[in-house]
Each structure stands twice: as C-alpha cells, then as structure tokens.
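Contents: one structure, followed by commentary.
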Amino acid sequence: MAEHLTVGRVAELAGVSVRTLHHYDEIGLVRPSARTAAGYRAYLADDVERLREVLAYRRLGFGLREIADLVDDPAADAVGHLHRLRGLLLEQRDRAAAMVTAIDRELEARAMGIRTTPEDQLKVFGAQLYEVIGSAYPATRRTESRIAERIWAALGDARTVLNVGAGTGSYEPPDRDVTAVEPSAVMRAQRPDGAAPCVAASAESLPFEDRSFDAAMAVSTVHHWPDPVAGLREMRRVARRVVVFTYDASTTGWRDRFWLTRDYLPEFADLLAGWPSLTDMTRAIGGRAEPVLVPWDCTDGFFEAHWRRPEAYLDEQVRRAVSVWTRVGPRAERRAVERLRADLASGRWAERNRDLLDLDAAELGLRLLIA
C-alpha cells in the first residue's frame, strides 16, 4: 500500500463515514498515526490493520467497549485475530443456515395448514437454534469400534495426535496425547467432559508449526471443508503421519452404490459437485486409500450407516444428526422419506434390495486415506 492513506480514502475503501473514523479517533479506538503534507491525519499500515479488526468485530455485533478489549488483547497478534474472526464468522454462517432451515420447515408446515407452537416460533431466533437442529448428534453419532480399530491402527506408534474437524470427539484415541481442532462453537460445546483440549481453527489454516504432531487424523469431516485439498495439505504439513476417514465420489457408478441416493435422494450428487477425486485427496497427503466396509449394525449414525436398516431413515432424530438431510433442503427430504415409507410398507424396498439382507457389511464408498 501507499506510505499512508487519508481519512477520506480509508472511509471510501472501508465503506464507513468519515464521521465514524473521527469518532474512533476521539475515543482512542483507532488513531491514525501519520500526517499528510498538509498536516491532516492519515493511516499507516498498522493503523489500517487495527481498523480492519475493529470493523470486523463491529459488524459481528460487538459493542465498542468490547471491541477495545479484544483488539488490545496482548495475547492475540494479527494472525490470532484473523483466526478468531474467522471462527466467529463461521459460527454466524452456521446459525444463519440453521435459521433458514427452520424457517423453510415452518413455511412447509404452514402450507399444509399446520401452525407451529409459540415455543418453536421463538426458537428460530433463540440462542439454542443451531443446537436444537443438531441436538441429535451426540445421541446418534457414536464411535463405531470396528472402524475405530482401523483408524487407530493406521495411527501406528504416534503418541501426539491432532484431530482436525474433531466435532464432539468421536474416534479420538484414548491412549494418545490428542489435540482437537474444531471451527464450530456449537460442536465444541458438545464435547464431553474430559475430552481432549480443543482449538477453534479451520483445517485450511492450522495454527501449528511444521511437524508439530506425530500424526493428524480427520474423521467424516472433509466434506465440510471449503477447500478439502488445502486442508489435507495442512494436515501433512503439521504431522508426520496422516489418517483420514472420508468418501470416494469419483469411482464410476458411485451414484448407484447406495440405494438411498439411487432411488430416493438423487440430490445427494449435487452436494458433491466439485468434490475432489480420490486421487486428488491421496495425492494431497502423499498416501494411499483403503476401502472401509460399513457393518450392518454400525453404531455411528452417519449417512450410510443404516443401509440394512432402512426404517431408521424415517426417524427425524437420525436424519438431524446427518448434514446431508439439511443440505438437500426440506422438500427433497420430505419426498425421500415419504417414498421410502411407502416402499417399506408395500414391500417394494425389500424386493428391490433383497441381495443386501444377507450381507454383514457393505462397500458404500467409504475410504481410509493413510500417509
């Protein structure tokens, strides 16, 4: 940037009024520390950086006194503020998405002549909105021991482990020194007492030095990352070993692999538009991929878990613990559930999927990436 920026230019770039900048100067929140040739105050690079932080916190709804405490925090440098702001913005995004989902459900209910209760109407704006929508997660998303054994064996002799996108802490090995990373405050709040310490950060920008850990792991989370390949490369940067439990959407015929997406929820394919190939993901960590079969009685209620227990998908609590259902939208969800319910009642589902009924485990595209 130029050596300094005038007050007018800063106001123009930041989208605020000159009067606002003067007010910040008067109260000591952001004081321009340079002078123009004509003697007017101007902003240097450090001033602009501080103003950027102030405006970001302001637009997140913080009061000026709170902002002053935040930007003057001696424990947070510029990078620390960026990580904090990013976490707050992601949380705001999640809450906005949850609010849209709640409103969509009420609109559908109204269209059918159903009026929601006053309590439910207020929850749309309450602090527990996202928690209500995701409240089934701890109850239905538990560690599946047979999958955990594969993951923990792949960690080898690693003593220090970074769990990226850790959520509520499923699959964290109990006999290692684990550090968790989770950007969602909602998920962090649901981690049980005694769980590993959890850092608010994203996979694409891990706040750790190179080779800080013996191993880095990520379980059923890569599909939530804005840039999966960048996140995988970050894992490789901070750890000597990488273990990732994820999904392969690049194999020919993958859309027909699972009866739920083939016959009832074709919108699932749209969610994976732009999803990196298995080759891209393994290349990002310099490793290999191994198939992971899903046992018929899988205790972790992820999307494919109930492949031999189709009645489970009729359960609202089961669906709420899987992001796919929220992401496809209420209309697609309702259609899929109604069709599945009808096919179960008529026997059509059993007729169409009779070959599954004697299987103990199924190959549904889940993969363990190891480097």
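Quick note on naming: the chains in the structure tokens go A, B, ... in the order shown, residues restart at 1 in each chain, and ligands are numbered from 1 in order of appearance.
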Residues at most 12 Å from Arg41 (chain A), counting only C-alpha atoms, excluding those fewer than 3 positions away in the same chain, as a list in words?
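Contacts, in chain order: His4, Leu5, Thr6, Val7, Gly8, Arg9, Val10, Val18, Leu21, His22, Asp25, Val30, Arg31, Pro32, Ser33, Ala34, Arg35, Thr36, Ala37, Ala38, Leu44 and Asp47 of chain A.
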So that I can check the secondary structure, give me every residue of region 17-53 of chain A assigned alpha helix (DSSP H) by backbone DSSP, as a PyMOL selection string.
chain A and resi 18-26+45-53
Contact check, region 231-298 of chain A to region 209-213 of chain A, at most 9 Å, counting only C-alpha atoms, closest pairs as a Markdown table:
| residue | atom | partner | partner_atom | distance |
| --- | --- | --- | --- | --- |
| A:Arg236 | CA | A:Arg211 | CA | 8.2 |
| A:Arg237 | CA | A:Asp210 | CA | 5.4 |
| A:Val238 | CA | A:Arg211 | CA | 4.3 |
| A:Ala239 | CA | A:Arg211 | CA | 4.5 |
| A:Arg240 | CA | A:Arg211 | CA | 6.0 |
| A:Arg241 | CA | A:Phe213 | CA | 8.4 |
What lies within 10 Å of Leu364 (chain A) using only C-alpha atoms, ignoring chain neighbours under 6 positions off, as a list in words?
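Once the nearby chain positions are removed, what remains is Tyr247, Asp248, Trp254, Arg255, Asp256, Arg257, Phe258, Trp259, Pro291, Val292, Leu293, Val294, Glu304, Ala305 and Trp307 of chain A.
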Selection export as a short mmCIF file (atom, residue, chain, number, x, y, z; two decimals), in the first residue's frame, atoms kept: N, CA and C atoms:
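The result, stored in part_29.cif:
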data_model
loop_
_atom_site.label_atom_id
_atom_site.label_comp_id
_atom_site.auth_asym_id
_atom_site.auth_seq_id
_atom_site.Cartn_x
_atom_site.Cartn_y
_atom_site.Cartn_z
N TYR A 247 -14.92 -40.08 1.95
CA TYR A 247 -15.84 -40.68 0.98
C TYR A 247 -15.29 -40.52 -0.43
N ASP A 248 -15.44 -41.55 -1.22
CA ASP A 248 -14.98 -41.52 -2.61
C ASP A 248 -16.17 -41.31 -3.54
N TRP A 254 -20.64 -44.45 -8.84
CA TRP A 254 -20.76 -44.21 -7.40
C TRP A 254 -22.16 -43.77 -6.99
N ARG A 255 -22.89 -43.11 -7.89
CA ARG A 255 -24.24 -42.63 -7.54
C ARG A 255 -25.21 -43.79 -7.28
N ASP A 256 -24.92 -44.95 -7.88
CA ASP A 256 -25.82 -46.09 -7.72
C ASP A 256 -25.36 -47.05 -6.63
N ARG A 257 -24.31 -46.69 -5.91
CA ARG A 257 -23.72 -47.58 -4.93
C ARG A 257 -24.64 -47.80 -3.73
N PHE A 258 -25.39 -46.78 -3.38
CA PHE A 258 -26.22 -46.81 -2.17
C PHE A 258 -27.68 -46.59 -2.58
N TRP A 259 -28.55 -47.49 -2.17
CA TRP A 259 -29.94 -47.42 -2.59
C TRP A 259 -30.62 -46.11 -2.18
N PRO A 291 -10.37 -49.26 1.23
CA PRO A 291 -11.83 -49.28 1.43
C PRO A 291 -12.18 -49.63 2.87
N VAL A 292 -13.26 -49.05 3.35
CA VAL A 292 -13.78 -49.36 4.68
C VAL A 292 -15.23 -49.82 4.52
N LEU A 293 -15.49 -51.07 4.83
CA LEU A 293 -16.85 -51.60 4.73
C LEU A 293 -17.68 -51.11 5.92
N VAL A 294 -18.98 -50.91 5.68
CA VAL A 294 -19.88 -50.45 6.73
C VAL A 294 -20.61 -51.66 7.30
N GLU A 304 -24.54 -43.36 5.62
CA GLU A 304 -24.68 -44.70 5.05
C GLU A 304 -24.90 -45.79 6.10
N ALA A 305 -24.89 -45.44 7.38
CA ALA A 305 -24.82 -46.44 8.45
C ALA A 305 -25.99 -47.42 8.45
N TRP A 307 -27.77 -48.85 6.06
CA TRP A 307 -28.04 -49.42 4.74
C TRP A 307 -28.87 -50.70 4.80
#
Of the candidates A:Arg335, A:Arg65, A:Arg188, A:Arg146, which shows the shortest atom-to-atom distance to Ala166 (chain A), using only C-alpha atoms?
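Among the listed residues, A:Arg188 lies closest to Ala166 (chain A).
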Show me, as a PyMOL selection string, the residues that have an atom within 10 Å of Ser145 (chain A) when counting only C-alpha atoms, minus same-chain residues fewer than 3 positions from it.
chain A and resi 142+148-151+171+298-300
Would you output that residue set with N, CA and C atoms, as a short mmCIF file (atom, residue, chain, number, x, y, z; two decimals), in the first residue's frame?
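Now in again35.cif:
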data_model
loop_
_atom_site.label_atom_id
_atom_site.label_comp_id
_atom_site.auth_asym_id
_atom_site.auth_seq_id
_atom_site.Cartn_x
_atom_site.Cartn_y
_atom_site.Cartn_z
N ARG A 142 -21.98 -41.99 17.39
CA ARG A 142 -21.05 -42.55 18.37
C ARG A 142 -19.91 -43.28 17.66
N ALA A 148 -13.12 -47.63 14.31
CA ALA A 148 -12.10 -47.03 15.17
C ALA A 148 -10.83 -47.86 15.19
N GLU A 149 -10.96 -49.19 15.21
CA GLU A 149 -9.77 -50.05 15.21
C GLU A 149 -8.92 -49.82 13.96
N ARG A 150 -9.57 -49.62 12.81
CA ARG A 150 -8.84 -49.36 11.57
C ARG A 150 -8.10 -48.02 11.67
N ILE A 151 -8.80 -47.00 12.17
CA ILE A 151 -8.21 -45.67 12.26
C ILE A 151 -7.04 -45.67 13.24
N TYR A 171 -14.02 -41.06 17.91
CA TYR A 171 -12.84 -41.68 17.31
C TYR A 171 -11.51 -41.12 17.81
N CYS A 298 -23.84 -50.92 12.29
CA CYS A 298 -22.94 -49.81 12.61
C CYS A 298 -23.55 -48.91 13.69
N THR A 299 -22.78 -48.60 14.73
CA THR A 299 -23.30 -47.79 15.83
C THR A 299 -23.12 -46.29 15.61
N ASP A 300 -22.32 -45.91 14.63
CA ASP A 300 -22.15 -44.49 14.29
C ASP A 300 -23.17 -44.15 13.21
#
Selected residue of minimal separation from Arg262 (chain A) among A:Asp214, A:Gly286, A:Arg352, A:Pro295, counting only C-alpha atoms:
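Answer, going by the shortest atom-to-atom distance: A:Arg352.
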As a list in words, please: all residues of region 10-192 of chain A that backbone DSSP puts in strand (DSSP E).
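The strand (DSSP E) residues within region 10-192 of chain A come out as Ala34, Arg35, Arg41, Ala42, Tyr43, Thr160, Val161, Leu162, Asn163, Val164, Asp177, Val178, Thr179, Ala180 and Val181 of chain A.
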Can you list, as a list in words, every protein, DNA or RNA residue that comes within 12 Å of Asp343 (chain A) when you count only C-alpha atoms, leaving out same-chain residues fewer than 2 positions away?
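Result of the neighbour search: Leu260, Asp263, Tyr264, Pro310, Glu311, Leu314, Ala336, Val337, Glu338, Arg339, Leu340, Arg341, Ala345, Ser346, Gly347, Arg348, Trp349, Ala350, Glu351, Arg352 and Asn353 of chain A.
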Kindly indicate which residue among A:Asp177, A:Phe302, A:Asp73, A:Val164 lies nearest to Met235 (chain A), using only C-alpha atoms for the distances.
A:Val164
Report the distance between CA of Leu265 (chain A) and CA of Phe245 (chain A) in Å, rounded to one decimal place.
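Interatomic distance here is 22.9 Å.
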Residues near region 153-163 of chain A, cut-off 6 Å, only C-alpha atoms, skip fewer than 5 positions along chain, as a list in words:
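Contacts, in chain order: Arg176, Asp177, Val178, Thr179, Ala180, Phe213, Asp214, Ala215, Ala216, Met217 and Ala218 of chain A.
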Using only C-alpha atoms, which residue out of A:Ala332, A:Met187, A:Leu70, A:Ala203 lies closest to Arg105 (chain A)?
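Of the candidates, the smallest distance to Arg105 (chain A) is held by A:Ala332.
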Rounded to one decimal, what separation in Å do you get between CA of Ala189 (chain A) and CA of Gly169 (chain A)?
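Straight-line distance from CA of Ala189 (chain A) to CA of Gly169 (chain A) works out to 10.9 Å.
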Name the closest residue to Asp72 (chain A) among the candidates A:Gly329, A:Gly28, A:Pro183, A:Pro266; distances are taken between atoms, counting only C-alpha atoms.
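The answer is A:Gly28, which sits nearest to Asp72 (chain A).
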If we count only C-alpha atoms, what is near Ser277 (chain A) at a cut-off of 8 Å, once residues fewer than 2 positions away on the same chain are taken out, given as a PyMOL selection string?
chain A and resi 248-250+275+279-281
Hey, can you check how far CA of Val54 (chain A) sits from CA of Leu206 (chain A)?
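One can read the CA of Val54 (chain A) to CA of Leu206 (chain A) distance as 23.7 Å.
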For Asp270 (chain A), the nearest of the candidates A:Arg58, A:Arg327, A:Arg86, A:Arg320, counting only C-alpha atoms:
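Of the candidates, the smallest distance to Asp270 (chain A) is held by A:Arg327.
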